[in-house]
$ cat entry-v4.cif   # mmCIF, C-alpha atoms
data_start
loop_
_atom_site.group_PDB
_atom_site.id
_atom_site.type_symbol
_atom_site.label_atom_id
_atom_site.label_comp_id
_atom_site.auth_asym_id
_atom_site.auth_seq_id
_atom_site.Cartn_x
_atom_site.Cartn_y
_atom_site.Cartn_z
ATOM 1 C CA MET A 1 0.000 0.000 0.000
ATOM 2 C CA MET A 2 1.429 3.359 -0.961
ATOM 3 C CA LEU A 3 0.876 5.874 1.796
ATOM 4 C CA GLY A 4 1.656 9.546 1.678
ATOM 5 C CA ASN A 5 3.031 9.501 -1.841
ATOM 6 C CA CYS A 6 0.923 12.478 -2.810
ATOM 7 C CA ALA A 7 3.723 14.836 -1.799
ATOM 8 C CA THR A 8 6.045 13.378 -4.416
ATOM 9 C CA SER A 9 3.630 13.580 -7.354
ATOM 10 C CA SER A 10 4.024 16.421 -9.804
ATOM 11 C CA SER A 11 1.214 18.588 -11.029
ATOM 12 C CA LEU A 12 -1.582 17.348 -8.788
ATOM 13 C CA SER A 13 0.049 17.925 -5.408
ATOM 14 C CA THR A 14 -1.535 20.589 -3.243
ATOM 15 C CA THR A 15 -0.558 21.878 0.184
ATOM 16 C CA SER A 16 0.750 19.379 2.722
ATOM 17 C CA ASP A 17 -2.160 20.166 5.087
ATOM 18 C CA GLU A 18 -4.602 18.828 2.534
ATOM 19 C CA ASP A 19 -2.372 15.805 1.969
ATOM 20 C CA ILE A 20 -2.493 14.920 5.653
ATOM 21 C CA VAL A 21 -6.273 15.331 5.719
ATOM 22 C CA ASN A 22 -6.754 13.276 2.556
ATOM 23 C CA ASN A 23 -4.465 10.488 3.799
ATOM 24 C CA ASN A 24 -7.129 9.569 6.368
ATOM 25 C CA LEU A 25 -9.750 9.160 3.673
ATOM 26 C CA THR A 26 -10.670 5.818 2.147
ATOM 27 C CA ALA A 27 -12.471 5.177 -1.102
ATOM 28 C CA LEU A 28 -14.123 2.282 -2.906
ATOM 29 C CA VAL A 29 -14.276 2.278 -6.710
ATOM 30 C CA VAL A 30 -17.125 0.137 -8.033
ATOM 31 C CA ASP A 31 -17.041 -0.457 -11.786
ATOM 32 C CA ASP A 32 -17.134 -3.519 -14.034
ATOM 33 C CA SER A 33 -14.517 -2.075 -16.400
ATOM 34 C CA PRO A 34 -10.926 -2.916 -15.380
ATOM 35 C CA MET A 35 -9.785 0.196 -17.240
ATOM 36 C CA ILE A 36 -12.094 2.513 -15.283
ATOM 37 C CA ARG A 37 -11.183 0.840 -11.989
ATOM 38 C CA LYS A 38 -7.485 1.412 -12.703
ATOM 39 C CA LEU A 39 -8.088 5.008 -13.773
ATOM 40 C CA HIS A 40 -10.182 6.038 -10.787
ATOM 41 C CA ASP A 41 -7.921 4.108 -8.401
ATOM 42 C CA MET A 42 -4.887 6.051 -9.654
ATOM 43 C CA HIS A 43 -6.713 9.355 -9.704
ATOM 44 C CA LEU A 44 -7.833 9.021 -6.077
ATOM 45 C CA LYS A 45 -4.453 7.699 -4.904
ATOM 46 C CA LYS A 46 -2.834 10.801 -6.406
ATOM 47 C CA PHE A 47 -4.881 12.809 -3.950
ATOM 48 C CA GLY A 48 -3.628 10.665 -1.094
ATOM 49 C CA LEU A 49 -6.655 8.449 -0.508
ATOM 50 C CA LYS A 50 -6.433 4.736 0.313
ATOM 51 C CA VAL A 51 -8.377 2.981 -2.422
ATOM 52 C CA GLN A 52 -10.037 -0.406 -2.893
ATOM 53 C CA VAL A 53 -11.898 -1.621 -5.966
ATOM 54 C CA ALA A 54 -14.935 -3.836 -6.598
ATOM 55 C CA GLU A 55 -16.170 -5.076 -9.953
ATOM 56 C CA ASN A 56 -19.901 -4.940 -9.372
ATOM 57 C CA GLY A 57 -22.561 -3.848 -6.905
ATOM 58 C CA LYS A 58 -22.740 -7.213 -5.165
ATOM 59 C CA ASN A 59 -18.990 -7.274 -4.432
ATOM 60 C CA ALA A 60 -19.309 -3.784 -2.988
ATOM 61 C CA ILE A 61 -22.144 -4.888 -0.687
ATOM 62 C CA ASP A 62 -20.157 -7.958 0.395
ATOM 63 C CA LEU A 63 -17.230 -5.742 1.394
ATOM 64 C CA PHE A 64 -19.500 -3.727 3.667
ATOM 65 C CA ARG A 65 -21.091 -6.875 5.062
ATOM 66 C CA CYS A 66 -17.573 -8.070 5.992
ATOM 67 C CA GLY A 67 -17.099 -4.933 8.037
ATOM 68 C CA ALA A 68 -15.245 -2.686 5.599
ATOM 69 C CA SER A 69 -16.094 0.986 5.557
ATOM 70 C CA PHE A 70 -15.157 3.822 3.244
ATOM 71 C CA ASN A 71 -15.533 7.603 3.309
ATOM 72 C CA LEU A 72 -16.241 7.713 -0.420
ATOM 73 C CA ILE A 73 -17.764 5.278 -2.908
ATOM 74 C CA LEU A 74 -17.513 5.899 -6.647
ATOM 75 C CA MET A 75 -20.382 3.903 -8.120
ATOM 76 C CA ASP A 76 -20.824 3.018 -11.771
ATOM 77 C CA LYS A 77 -24.424 2.506 -12.906
ATOM 78 C CA GLU A 78 -24.340 -0.282 -15.497
ATOM 79 C CA MET A 79 -22.764 -3.405 -14.009
ATOM 80 C CA PRO A 80 -23.596 -7.102 -14.237
ATOM 81 C CA ILE A 81 -25.032 -9.083 -11.284
ATOM 82 C CA MET A 82 -26.028 -5.946 -9.366
ATOM 83 C CA ASP A 83 -26.102 -2.479 -10.901
ATOM 84 C CA GLY A 84 -25.167 0.791 -9.242
ATOM 85 C CA ALA A 85 -28.691 1.905 -8.416
ATOM 86 C CA GLU A 86 -29.581 -1.365 -6.719
ATOM 87 C CA ALA A 87 -26.276 -1.437 -4.831
ATOM 88 C CA THR A 88 -26.775 2.152 -3.670
ATOM 89 C CA ARG A 89 -30.303 1.403 -2.440
ATOM 90 C CA GLU A 90 -29.070 -1.687 -0.608
ATOM 91 C CA LEU A 91 -26.177 0.181 1.025
ATOM 92 C CA ARG A 92 -28.507 2.920 2.267
ATOM 93 C CA THR A 93 -30.927 0.293 3.601
ATOM 94 C CA MET A 94 -27.978 -1.253 5.454
ATOM 95 C CA GLY A 95 -27.392 2.131 7.079
ATOM 96 C CA VAL A 96 -24.236 3.055 5.154
ATOM 97 C CA THR A 97 -23.655 6.800 5.431
ATOM 98 C CA SER A 98 -20.554 7.026 3.215
ATOM 99 C CA MET A 99 -20.606 9.611 0.455
ATOM 100 C CA ILE A 100 -21.833 7.662 -2.586
ATOM 101 C CA VAL A 101 -21.078 9.308 -5.913
ATOM 102 C CA GLY A 102 -22.428 7.985 -9.193
ATOM 103 C CA VAL A 103 -19.988 8.060 -12.095
ATOM 104 C CA THR A 104 -21.828 7.126 -15.231
ATOM 105 C CA SER A 105 -22.015 7.516 -18.991
ATOM 106 C CA LEU A 106 -25.776 7.950 -18.710
ATOM 107 C CA ASP A 107 -26.629 11.112 -20.528
ATOM 108 C CA SER A 108 -30.400 11.320 -20.143
ATOM 109 C CA ILE A 109 -31.462 13.577 -17.295
ATOM 110 C CA PHE A 110 -34.215 11.102 -16.513
ATOM 111 C CA ASP A 111 -31.727 8.219 -16.041
ATOM 112 C CA ARG A 112 -29.410 10.340 -13.902
ATOM 113 C CA GLN A 113 -32.304 11.497 -11.745
ATOM 114 C CA ALA A 114 -33.396 7.887 -11.223
ATOM 115 C CA PHE A 115 -29.825 7.019 -10.196
ATOM 116 C CA MET A 116 -29.683 9.982 -7.779
ATOM 117 C CA GLU A 117 -32.964 8.848 -6.236
ATOM 118 C CA ALA A 118 -31.393 5.498 -5.367
ATOM 119 C CA GLY A 119 -29.486 7.389 -2.667
ATOM 120 C CA LEU A 120 -26.513 9.101 -4.268
ATOM 121 C CA ASP A 121 -24.973 12.235 -2.825
ATOM 122 C CA HIS A 122 -23.711 13.380 -6.217
ATOM 123 C CA CYS A 123 -23.620 12.120 -9.769
ATOM 124 C CA PHE A 124 -20.962 12.896 -12.343
ATOM 125 C CA THR A 125 -20.743 11.991 -15.994
ATOM 126 C CA LYS A 126 -17.715 9.983 -17.098
ATOM 127 C CA PRO A 127 -14.929 10.872 -17.333
ATOM 128 C CA LEU A 128 -14.222 11.850 -13.767
ATOM 129 C CA THR A 129 -12.059 14.979 -13.778
ATOM 130 C CA THR A 130 -9.581 16.442 -11.332
ATOM 131 C CA GLU A 131 -12.111 19.213 -10.653
ATOM 132 C CA ASN A 132 -14.764 16.615 -9.722
ATOM 133 C CA ILE A 133 -12.362 14.959 -7.264
ATOM 134 C CA ASN A 134 -11.317 18.298 -5.767
ATOM 135 C CA PHE A 135 -14.983 19.095 -5.203
ATOM 136 C CA LEU A 136 -15.659 15.709 -3.573
ATOM 137 C CA LEU A 137 -12.656 16.018 -1.271
ATOM 138 C CA GLN A 138 -13.783 19.470 -0.172
ATOM 139 C CA GLU A 139 -17.211 18.035 0.615
ATOM 140 C CA LEU A 140 -15.681 15.074 2.471
ATOM 141 C CA ASN A 141 -13.409 17.266 4.537
ATOM 142 C CA LYS A 142 -16.327 19.566 5.339
ATOM 143 C CA ASN A 143 -18.338 16.555 6.558
ATOM 144 C CA ASN A 144 -15.420 15.354 8.666
ATOM 145 C CA GLU A 145 -15.110 18.764 10.332
ATOM 146 C CA GLU A 146 -18.806 18.802 11.153
ATOM 147 C CA ASN A 147 -18.608 15.375 12.871
ATOM 148 C CA MET B 148 22.019 14.962 -26.741
ATOM 149 C CA ASP B 149 21.147 15.804 -30.375
ATOM 150 C CA VAL B 150 19.470 12.441 -30.763
ATOM 151 C CA VAL B 151 17.463 12.941 -27.585
ATOM 152 C CA ASN B 152 16.385 16.442 -28.625
ATOM 153 C CA GLN B 153 15.373 15.160 -32.030
ATOM 154 C CA LEU B 154 13.339 12.313 -30.525
ATOM 155 C CA GLN B 155 11.722 14.640 -28.003
ATOM 156 C CA ARG B 156 10.756 17.040 -30.785
ATOM 157 C CA GLN B 157 9.352 14.126 -32.791
ATOM 158 C CA PHE B 158 7.339 12.985 -29.767
ATOM 159 C CA LEU B 159 5.880 16.444 -29.114
ATOM 160 C CA ASP B 160 5.020 16.959 -32.786
ATOM 161 C CA TYR B 161 3.372 13.561 -33.035
ATOM 162 C CA SER B 162 1.432 14.105 -29.845
ATOM 163 C CA ALA B 163 0.257 17.519 -31.090
ATOM 164 C CA SER B 164 -0.892 15.990 -34.381
ATOM 165 C CA LEU B 165 -2.938 13.338 -32.557
ATOM 166 C CA HIS B 166 -4.744 16.094 -30.686
ATOM 167 C CA ARG B 167 -5.117 18.279 -33.766
ATOM 168 C CA GLU B 168 -6.609 15.427 -35.808
ATOM 169 C CA GLY B 169 -9.059 14.632 -33.024
ATOM 170 C CA PHE B 170 -7.717 11.208 -32.103
ATOM 171 C CA LEU B 171 -7.066 12.334 -28.548
ATOM 172 C CA ASP B 172 -8.576 15.029 -26.392
ATOM 173 C CA ASP B 173 -7.629 16.672 -23.109
ATOM 174 C CA GLN B 174 -8.683 13.626 -21.105
ATOM 175 C CA PHE B 175 -5.637 11.766 -22.473
ATOM 176 C CA THR B 176 -3.396 14.609 -21.290
ATOM 177 C CA GLN B 177 -4.950 14.285 -17.827
ATOM 178 C CA LEU B 178 -4.056 10.598 -17.936
ATOM 179 C CA GLN B 179 -0.448 11.396 -18.782
ATOM 180 C CA LYS B 180 -0.317 13.763 -15.804
ATOM 181 C CA LEU B 181 -1.374 10.932 -13.494
ATOM 182 C CA GLN B 182 1.691 8.892 -14.463
ATOM 183 C CA ASP B 183 4.687 9.274 -12.186
ATOM 184 C CA GLU B 184 7.885 7.514 -11.119
ATOM 185 C CA ASN B 185 5.865 5.136 -8.909
ATOM 186 C CA SER B 186 3.717 4.064 -11.873
ATOM 187 C CA PRO B 187 5.877 4.656 -14.960
ATOM 188 C CA ASP B 188 3.760 2.389 -17.191
ATOM 189 C CA PHE B 189 0.381 3.701 -16.132
ATOM 190 C CA VAL B 190 -0.656 5.160 -19.499
ATOM 191 C CA VAL B 191 0.465 2.093 -21.455
ATOM 192 C CA GLU B 192 -1.419 -0.165 -19.026
ATOM 193 C CA VAL B 193 -4.609 1.884 -19.244
ATOM 194 C CA ALA B 194 -4.346 1.938 -23.043
ATOM 195 C CA SER B 195 -3.953 -1.882 -23.112
ATOM 196 C CA LEU B 196 -7.035 -2.291 -20.954
ATOM 197 C CA PHE B 197 -8.916 0.088 -23.227
ATOM 198 C CA PHE B 198 -8.010 -1.906 -26.327
ATOM 199 C CA GLU B 199 -9.074 -5.160 -24.638
ATOM 200 C CA ASP B 200 -12.363 -3.481 -23.755
ATOM 201 C CA CYS B 201 -12.803 -2.270 -27.354
ATOM 202 C CA GLU B 202 -12.218 -5.685 -28.839
ATOM 203 C CA LYS B 203 -14.625 -7.365 -26.459
ATOM 204 C CA LEU B 204 -17.355 -4.764 -26.975
ATOM 205 C CA ILE B 205 -16.964 -4.640 -30.770
ATOM 206 C CA ASN B 206 -17.314 -8.438 -30.863
ATOM 207 C CA ASN B 207 -20.463 -8.201 -28.716
ATOM 208 C CA MET B 208 -21.952 -5.606 -31.064
ATOM 209 C CA ALA B 209 -21.079 -7.639 -34.170
ATOM 210 C CA ARG B 210 -22.645 -10.795 -32.719
ATOM 211 C CA ALA B 211 -25.795 -8.969 -31.674
ATOM 212 C CA LEU B 212 -26.181 -7.342 -35.095
ATOM 213 C CA GLU B 213 -25.805 -10.711 -36.849
ATOM 214 C CA GLN B 214 -28.928 -12.108 -35.170
ATOM 215 C CA GLN B 215 -32.159 -12.605 -37.118
ATOM 216 C CA GLY B 216 -34.052 -10.454 -34.674
ATOM 217 C CA VAL B 217 -31.547 -7.845 -33.542
ATOM 218 C CA ASP B 218 -31.743 -6.956 -29.866
ATOM 219 C CA PHE B 219 -30.968 -3.237 -30.196
ATOM 220 C CA LYS B 220 -30.961 -2.789 -26.432
ATOM 221 C CA GLN B 221 -28.096 -5.246 -26.228
ATOM 222 C CA VAL B 222 -26.173 -3.454 -28.982
ATOM 223 C CA ASP B 223 -26.851 -0.144 -27.265
ATOM 224 C CA ALA B 224 -25.561 -1.466 -23.935
ATOM 225 C CA SER B 225 -22.205 -2.318 -25.541
ATOM 226 C CA VAL B 226 -22.033 0.999 -27.390
ATOM 227 C CA HIS B 227 -22.849 2.818 -24.184
ATOM 228 C CA GLN B 228 -19.993 1.042 -22.411
ATOM 229 C CA LEU B 229 -17.588 1.816 -25.220
ATOM 230 C CA LYS B 230 -18.627 5.459 -25.123
ATOM 231 C CA GLY B 231 -17.819 5.542 -21.409
ATOM 232 C CA SER B 232 -14.415 3.903 -21.824
ATOM 233 C CA SER B 233 -13.425 5.980 -24.822
ATOM 234 C CA SER B 234 -14.368 9.263 -23.173
ATOM 235 C CA SER B 235 -12.448 8.232 -20.049
ATOM 236 C CA ILE B 236 -9.229 7.658 -21.968
ATOM 237 C CA GLY B 237 -9.673 10.638 -24.283
ATOM 238 C CA ALA B 238 -10.337 8.626 -27.450
ATOM 239 C CA MET B 239 -12.406 11.392 -29.000
ATOM 240 C CA ARG B 240 -13.055 9.965 -32.456
ATOM 241 C CA VAL B 241 -14.113 6.594 -31.066
ATOM 242 C CA LYS B 242 -16.402 8.371 -28.629
ATOM 243 C CA ASN B 243 -17.985 10.453 -31.386
ATOM 244 C CA VAL B 244 -18.795 7.369 -33.455
ATOM 245 C CA CYS B 245 -20.411 5.864 -30.351
ATOM 246 C CA ILE B 246 -22.675 8.898 -30.018
ATOM 247 C CA ALA B 247 -23.925 8.449 -33.586
ATOM 248 C CA PHE B 248 -24.120 4.699 -33.073
ATOM 249 C CA ARG B 249 -26.477 5.105 -30.119
ATOM 250 C CA SER B 250 -28.893 7.160 -32.236
ATOM 251 C CA PHE B 251 -29.109 4.325 -34.741
ATOM 252 C CA CYS B 252 -29.692 1.834 -31.932
ATOM 253 C CA GLU B 253 -32.498 3.982 -30.619
ATOM 254 C CA ALA B 254 -34.012 4.182 -34.098
ATOM 255 C CA GLN B 255 -33.543 0.389 -34.429
ATOM 256 C CA ASN B 256 -31.797 1.034 -37.732
ATOM 257 C CA ARG B 257 -29.730 -2.072 -38.520
ATOM 258 C CA GLU B 258 -27.994 -0.613 -41.585
ATOM 259 C CA GLY B 259 -26.997 2.490 -39.681
ATOM 260 C CA CYS B 260 -25.715 0.355 -36.840
ATOM 261 C CA LEU B 261 -23.639 -1.792 -39.176
ATOM 262 C CA ARG B 262 -22.102 1.334 -40.729
ATOM 263 C CA CYS B 263 -21.221 2.637 -37.276
ATOM 264 C CA LEU B 264 -19.764 -0.717 -36.295
ATOM 265 C CA GLN B 265 -17.490 -0.515 -39.311
ATOM 266 C CA GLN B 266 -16.535 3.051 -38.418
ATOM 267 C CA VAL B 267 -15.857 2.304 -34.777
ATOM 268 C CA THR B 268 -13.702 -0.695 -35.722
ATOM 269 C CA HIS B 269 -11.758 1.514 -38.114
ATOM 270 C CA GLU B 270 -11.265 4.320 -35.575
ATOM 271 C CA TYR B 271 -10.187 1.890 -32.870
ATOM 272 C CA SER B 272 -7.573 0.313 -35.186
ATOM 273 C CA LEU B 273 -6.257 3.717 -36.223
ATOM 274 C CA LEU B 274 -5.978 4.872 -32.620
ATOM 275 C CA LYS B 275 -4.276 1.664 -31.532
ATOM 276 C CA ASN B 276 -1.602 2.098 -34.214
ATOM 277 C CA LYS B 277 -1.075 5.742 -33.379
ATOM 278 C CA LEU B 278 -0.775 5.138 -29.654
ATOM 279 C CA GLN B 279 1.655 2.304 -30.270
ATOM 280 C CA THR B 280 3.755 4.728 -32.306
ATOM 281 C CA LEU B 281 3.569 7.298 -29.517
ATOM 282 C CA PHE B 282 4.621 4.764 -26.888
ATOM 283 C CA ARG B 283 7.451 3.569 -29.146
ATOM 284 C CA LEU B 284 8.735 7.147 -29.385
ATOM 285 C CA GLU B 285 8.680 7.364 -25.587
ATOM 286 C CA GLN B 286 10.693 4.166 -25.316
ATOM 287 C CA GLN B 287 13.232 5.482 -27.829
ATOM 288 C CA ILE B 288 13.673 8.694 -25.834
ATOM 289 C CA LEU B 289 14.213 6.734 -22.619
ATOM 290 C CA ALA B 290 16.600 4.300 -24.342
ATOM 291 C CA ALA B 291 18.639 7.256 -25.583
ATOM 292 C CA GLY B 292 18.979 8.486 -22.010
ATOM 293 C CA GLY B 293 16.452 11.313 -22.238
ATOM 294 C CA SER B 294 13.200 12.011 -20.451
ATOM 295 C CA VAL B 295 9.761 12.170 -22.008
ATOM 296 C CA PRO B 296 8.663 15.819 -22.247
ATOM 297 C CA ALA B 297 5.471 16.720 -20.399
ATOM 298 C CA ILE B 298 2.509 17.697 -22.536
ATOM 299 C CA GLU B 299 0.853 20.923 -21.505
#
$ encode --input "entry-v4.cif" --output "structure tokens"
Amino acid sequence: MMLGNCATSSSLSTTSDEDIVNNNLTALVVDDSPMIRKLHDMHLKKFGLKVQVAENGKNAIDLFRCGASFNLILMDKEMPIMDGAEATRELRTMGVTSMIVGVTSLDSIFDRQAFMEAGLDHCFTKPLTTENINFLLQELNKNNEEN
Amino acid sequence: MDVVNQLQRQFLDYSASLHREGFLDDQFTQLQKLQDENSPDFVVEVASLFFEDCEKLINNMARALEQQGVDFKQVDASVHQLKGSSSSIGAMRVKNVCIAFRSFCEAQNREGCLRCLQQVTHEYSLLKNKLQTLFRLEQQILAAGGSVPAIE
């Protein structure tokens, strides 16, 4: 596990205060595409988060059932076995209060709204950008300060 | 040093042409920025995964379109996935074909879908060749003792 390597990375490093804060944050990337999992994993690690991946909604649920917890979940919508909306609903029913963020190629407002209603905190269109992650980390750190 | 400078110039020119011709967009540049000394092969690895994805999805689309009664929802699901992957890696031309492809799926237009399948296969092959050339240039720079210039 690479810890604290954010300080050594080039253009994405921010102040060391933020690095220390982000190093306590954990994230779960849920997506059936190995490419997307690798991309989001790297992107979040660059910001100093500890990241795990799951390849569908059911695997994500199983992780939580085994006692894992994460500050942030990046949830794809279209996945085999259990899709993102169903997984999100199930996690909320289980009492999971992590920030769940949909990351999807869905472009119809209707589809995105339906996904949001499953219990998401935010929903972004693929591809996830550095700006999106910055925004999420600000929100996460705000939540942590309030608790 | 001359050789390195020459190779670096070649790399930058080639990279610029790929952007200019629409093969790659800014998302690919973002990918390159994620690569660092801890993960020196990150971009190559992501590109390999993308090409595997492409091949699998294109095969799915072809099989679905061969059926007597085409299940357009199934075709659309694969196109949708390819659109997501291609936009995430910055494969702009592939992504644009996917956008058109989805319209034909929605219209249940088999001929239109077959045309798009041909186009997407063509664009994917082109991009694969071009990226392989780009990666080869990177390897040549490193082999000559230079460093790969950052793209801004």
$ interface_residues --input "entry-v4.cif" --of "chain B" --to "chain A" --cutoff "9 Å" --atoms "all atoms listed in the file" --output "list in words"
Gln174, Gln177, Leu178, Lys180, Leu181, Gln182, Asp183, Glu184, Asn185, Phe189, Glu192, Val193, Ala194, Ser195, Leu196, Phe197, Asp200, Ala224, His227, Gln228, Lys230, Gly231, Ser232, Ser234, Ser235, Ile236 and Gly237 of chain B
$ write_last_selection --input "entry-v4.cif" --atoms "C-alpha atoms" --output "compact mmCIF listing (two decimals), in the frame of the given file"
# COMPACT_ATOMS: atom_id res chain seq x y z
CA GLN B 174 -8.68 13.63 -21.10
CA GLN B 177 -4.95 14.28 -17.83
CA LEU B 178 -4.06 10.60 -17.94
CA LYS B 180 -0.32 13.76 -15.80
CA LEU B 181 -1.37 10.93 -13.49
CA GLN B 182 1.69 8.89 -14.46
CA ASP B 183 4.69 9.27 -12.19
CA GLU B 184 7.88 7.51 -11.12
CA ASN B 185 5.86 5.14 -8.91
CA PHE B 189 0.38 3.70 -16.13
CA GLU B 192 -1.42 -0.16 -19.03
CA VAL B 193 -4.61 1.88 -19.24
CA ALA B 194 -4.35 1.94 -23.04
CA SER B 195 -3.95 -1.88 -23.11
CA LEU B 196 -7.04 -2.29 -20.95
CA PHE B 197 -8.92 0.09 -23.23
CA ASP B 200 -12.36 -3.48 -23.76
CA ALA B 224 -25.56 -1.47 -23.94
CA HIS B 227 -22.85 2.82 -24.18
CA GLN B 228 -19.99 1.04 -22.41
CA LYS B 230 -18.63 5.46 -25.12
CA GLY B 231 -17.82 5.54 -21.41
CA SER B 232 -14.42 3.90 -21.82
CA SER B 234 -14.37 9.26 -23.17
CA SER B 235 -12.45 8.23 -20.05
CA ILE B 236 -9.23 7.66 -21.97
CA GLY B 237 -9.67 10.64 -24.28
$ closest_residue --input "entry-v4.cif" --among "B:Asp188, B:Glu270, B:Glu168, B:Glu285" --to "Ser233 of chain B" --atoms "only C-alpha atoms"
B:Glu270
$ closest_residue --input "entry-v4.cif" --among "B:Ala247, B:Leu165, B:Leu229, B:Leu289" --to "Cys201 of chain B" --atoms "only C-alpha atoms"
B:Leu229
$ closest_residue --input "entry-v4.cif" --among "A:Val53, A:Gly48, A:Val30, A:Phe115" --to "Pro80 of chain A" --atoms "only C-alpha atoms"
A:Val30
$ resolve_selection --input "entry-v4.cif" --expression "the PyMOL selection byres ((chain A and resi 57) around 6)" --output "JSON, numbers by chain"
{"A": [56, 58, 59, 60, 82, 83, 84, 87]}
$ closest_residue --input "entry-v4.cif" --among "B:Leu171, B:Val295, B:Ala254, B:Leu273" --to "Phe219 of chain B" --atoms "all atoms listed in the file"
B:Ala254
$ build_atoms --input "entry-v4.cif" --residues "segment 45-59 of chain A" --atoms "N, CA and C atoms" --output "compact mmCIF listing (two decimals), keeping the file's coordinate frame"
# COMPACT_ATOMS: atom_id res chain seq x y z
N LYS A 45 -5.72 7.91 -5.63
CA LYS A 45 -4.45 7.70 -4.90
C LYS A 45 -3.56 8.93 -5.03
N LYS A 46 -3.62 9.58 -6.19
CA LYS A 46 -2.83 10.80 -6.41
C LYS A 46 -3.20 11.88 -5.39
N PHE A 47 -4.43 11.84 -4.94
CA PHE A 47 -4.88 12.81 -3.95
C PHE A 47 -4.65 12.31 -2.52
N GLY A 48 -4.02 11.16 -2.41
CA GLY A 48 -3.63 10.66 -1.09
C GLY A 48 -4.62 9.73 -0.43
N LEU A 49 -5.69 9.35 -1.13
CA LEU A 49 -6.66 8.45 -0.51
C LEU A 49 -6.18 7.00 -0.58
N LYS A 50 -6.66 6.18 0.37
CA LYS A 50 -6.43 4.74 0.31
C LYS A 50 -7.61 4.18 -0.48
N VAL A 51 -7.31 3.40 -1.51
CA VAL A 51 -8.38 2.98 -2.42
C VAL A 51 -8.50 1.46 -2.53
N GLN A 52 -9.75 1.00 -2.56
CA GLN A 52 -10.04 -0.41 -2.89
C GLN A 52 -10.97 -0.40 -4.09
N VAL A 53 -11.02 -1.56 -4.79
CA VAL A 53 -11.90 -1.62 -5.97
C VAL A 53 -12.83 -2.83 -5.85
N ALA A 54 -13.99 -2.71 -6.52
CA ALA A 54 -14.94 -3.84 -6.60
C ALA A 54 -15.49 -3.85 -8.01
N GLU A 55 -15.78 -5.05 -8.54
CA GLU A 55 -16.17 -5.08 -9.95
C GLU A 55 -17.67 -5.08 -10.22
N ASN A 56 -18.47 -5.13 -9.17
CA ASN A 56 -19.90 -4.94 -9.37
C ASN A 56 -20.55 -4.60 -8.04
N GLY A 57 -21.84 -4.28 -8.10
CA GLY A 57 -22.56 -3.85 -6.90
C GLY A 57 -22.55 -4.89 -5.80
N LYS A 58 -22.68 -6.16 -6.19
CA LYS A 58 -22.74 -7.21 -5.16
C LYS A 58 -21.43 -7.30 -4.38
N ASN A 59 -20.30 -7.23 -5.10
CA ASN A 59 -18.99 -7.27 -4.43
C ASN A 59 -18.84 -6.11 -3.45
